[in-house]
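Trainee: Questions regarding the structure given below will be posed in turn.
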Amino acid sequence: MQTQNPFIHLLESPNAKYFFDVNKNEIVPVDNDLHDVLGKILDGQPVELTESEEQKMARLKSMGYLSDNRVKVIRHPESAMAGLYLERKIDMLLLQLTQDCNLRCRYCSYTDATNTKQRKHSSKRMTFALAKKGIDFLLDHSIDKESINVGFYGGEPLLEFELLKQVVAYAEEIAFDKKLSFSITTNGTLITEEIMEFFIRHDVRLAISLDGPQEVHDSNRRFADDDTGSFMKVIKTLEWISEKYPDYTKNMLLSMVIDPKFSFDYLDSLFEDYPYLRKMLIMPSIIEDGDSMVKNIYSDEFIMERRYQFFLAFLNHFNRLDDTMVSTLIKQDFEREKYLYDNFECAECLPDQTAPGGPCVPGKLRLFMDVDGNFLPCERVNEISEIMRIGKIDEGFYLDKVDAVLNVGAVTAEECKACWAFTNCGICAKQADGSHEFSSEMRLSCCDRIKNDFDYFLHCMIMIREFQDVYHHSYSEVSS
């Protein structure tokens with residue numbers, strides 16, 4: 001009688017059967033009979049193993065597979081070092097120059113009047129005195145870093161261009177012993193020649209928002225004063241930058257917030273109509289609807305067309321399809337999957353104490369300082385949330401709050417310990433933010449998406465491996 005409950009997840013392709021071993025972080029091929037047996041064991045069914053099945057199971061166990069080992073304590077491995085990282089190793093400070101914006105994007109949490117978990121647009125702006133304190137703080141807390149970045153955020157940060165220039169001048173004056181760079185996220189409607197010349201002189205990396213063809217972009221991204229769409233203003237600016245500053249264009253980032261109710265092929269047609277956009281780094285992301293009363297609607301066309309385009313990207317990667325046949329939007333996602341594949345490492349066993357993947361050390365990578373001097377883990381969290389305020393410029397970091405954000409997995413400890421996607425979870429504190437405390441219900445509501453995404457990634461890995469077996473050459477040979 002087989003009683004052990006192995007910590008695995010079953011997988012299969014049209015060609016073969018597999019299981020993902022959570023402890024070993026590895027995909028393991030098995031025959032059909034053993035795959036069926038493992039399925040029954042996971043379902044809690046009593047199983048009488050044949051002699052052949054007993055031998056196969058014993059061989060796998062002797063190699064370290066099929067262990068029932070689980071993590072005993074949910075505690076992030078960086079917990080003990082978080083204070084040191086924030087004291088000496090901060091990479092970036094994002095300054096909220098203003099809470100005002102000249103657009104009223106319909107999916108924006110600052111615009112949504114029903115959203116009680118986020119601030120609203122306001123006329124509040126950062127003073128130069130406060131910004132200087134922020135730069136001083138960054139220098140004092142990045143002693144071990146050779147390179148640092150100062151980012152500008154809003155609202156729309158170019159509404160405060162004069163303040164931005166003052167901050168750049170001050171940072172360049174005092175950060176003489178660092179490799180200093182700047183970045184800005186803007187809606188692209190206020191850029192002038194003066195601004196572009198300044199960005200080029202001072203190494204300011206530019207991210208501009210453009211959400212697709214005009215119908216798509218203008219359905220959400222509209223001017224505050226007259227409720228007209230902003231597409232033509234942004235696209236003309238991008239075309240002008242591309243023509244006048246072609247070298248700068250290569251370092252620009254195009255941020256696309258994708259509305260999945262539209263056809264994927266239609267969204268991708270933006271790059272057919274405006275081919276110069278392909279020279280930029282494209283960063284697509286689905287509209288965040290976690291805090292919104294209106295949830296995303298995924299059209300059948302979006303889902304099917306995106307999957308098909310991902311398949312074409314695989315064919316292109318293995319030199320079976322020309323690069324021009326692959327979706328521009330998909331290429332960035334495919335590169336991310338390729339990076340994950342290249343860095344997917346096997347392990348010996350899960351440790352007794354660790355945490356689900358997902359949370360980074362709050363504030364180390366993208367410390368966000370709002371117009372009042374409050375510190376938040378990054379620019380994407382809720383600004384009025386008490387649990388997300390991890391410090392203040394005149395008080396430093398609140399390390400108890402830093403620890404709570406870093407160890408948000410503890411609120412769903414038992415569920416996490418039993419989850420086969422444990423090591424590849426992407427849920428961070430934002431998805432569990434209940435304003436005054438972390439919510440287990442909110443965190444658990446993300447689990448199906450995480451499992452589906454990881455299952456898809458594992459199937460992509462299987463596809464790559466089976467391709468190697470069929471065509472008898474390695475992934476590294478093809479990718480080089």
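In the structure tokens, chains take letters A, B, ... by order of appearance, with residues numbered from 1 within each chain and ligands from 1 in the order shown.
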Please report, as a PyMOL selection string, each residue of range 279-445 of chain A to which DSSP assigns strand (DSSP E) when run on this structure's backbone.

Mentor: chain A and resi 281-286+353-354+367-369+374-376+391-392+396-397

Trainee: Please provide as a PyMOL selection string all residues within 12 Å of Ala347 in chain A, with the sequence filter that same-chain residues fewer than 6 positions apart are discarded (counting only C-alpha atoms).

Mentor: chain A and resi 21-27+64-65+423

Trainee: With a distance cut-off of 6 Å and only C-alpha atoms, select the neighbouring residues of range 395-409 of chain A, excluding the residue or stretch itself and same-chain residues fewer than 6 positions from it, and output the selection as a compact mmCIF listing (two decimals) with C-alpha atoms, in the first residue's frame.

Mentor:
```
# COMPACT_ATOMS: atom_id res chain seq x y z
CA HIS A 76 12.04 35.11 4.26
CA PRO A 359 8.65 39.58 -2.04
CA ALA A 429 2.67 42.46 -0.31
```

Trainee: Near Pro14 in chain A, within 12 Å and counting only C-alpha atoms, which residues show up once chain neighbours fewer than 6 positions away are dropped, as a ChimeraX atom specification?

Mentor: /A:32,459,462-463,466

Trainee: Go ahead and write the selection's residues with C-alpha atoms as a PDB file, in the first residue's frame.

Mentor:
```pdb
ATOM      1  CA  ASN A  32       2.109   6.526 -18.466  1.00  0.00           C
ATOM      2  CA  HIS A 459       4.982  23.399 -20.119  1.00  0.00           C
ATOM      3  CA  ILE A 462       8.896  20.853 -21.628  1.00  0.00           C
ATOM      4  CA  MET A 463       8.381  22.191 -25.142  1.00  0.00           C
ATOM      5  CA  GLU A 466      11.220  18.008 -26.437  1.00  0.00           C
TER       6      GLU A 466
END
```

Trainee: Give me the residues within 8 Å of range 156-173 of chain A as a PyMOL selection string, counting only C-alpha atoms and dropping any in the same chain fewer than 5 places off.

Mentor: chain A and resi 96-102+127-128+131-132+135+180+182+184-187+190-191+202

Trainee: Residues as selected, C-alpha atoms, written as a compact mmCIF listing (two decimals), in the first residue's frame, can you do that?

Mentor:
```txt
# COMPACT_ATOMS: atom_id res chain seq x y z
CA GLN A 96 7.08 61.75 -6.30
CA LEU A 97 7.43 65.28 -7.65
CA THR A 98 3.68 65.86 -7.73
CA GLN A 99 0.33 64.17 -7.14
CA ASP A 100 -1.22 66.13 -9.99
CA CYS A 101 -1.68 64.91 -13.55
CA ASN A 102 -2.91 66.42 -16.81
CA THR A 127 9.48 70.90 -2.23
CA PHE A 128 13.11 71.19 -3.30
CA ALA A 131 13.89 66.39 -2.50
CA LYS A 132 17.38 67.36 -1.32
CA ILE A 135 19.02 62.63 -2.34
CA LEU A 180 24.68 58.29 -11.29
CA PHE A 182 18.21 59.27 -13.76
CA ILE A 184 11.39 59.24 -15.47
CA THR A 185 7.96 57.75 -16.16
CA THR A 186 5.77 60.17 -18.10
CA ASN A 187 2.56 60.15 -20.13
CA LEU A 190 4.43 67.51 -22.14
CA ILE A 191 7.79 66.74 -23.73
CA HIS A 202 22.04 64.36 -18.04
```

Trainee: Skip Glu379 in chain A itself and residues of its chain fewer than 5 positions away, then list as a VMD selection string all residues within 10 Å of it, counting only C-alpha atoms.

Mentor: chain A and resid 94 to 96 153 to 154 363 366 to 370

Trainee: For range 323-335 of chain A, list every protein, DNA or RNA residue within 7 Å, evaluated using only C-alpha atoms, and leave out those in the same chain fewer than 2 positions away; present the list as a list in words.

Mentor: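 Listing them by chain and then by number gives Asp268, Ile282, Met283, Pro284, Gln309, Phe310, Leu312, Ala313, Asn316, Leu321, Glu337, Lys338 and Tyr339 of chain A.
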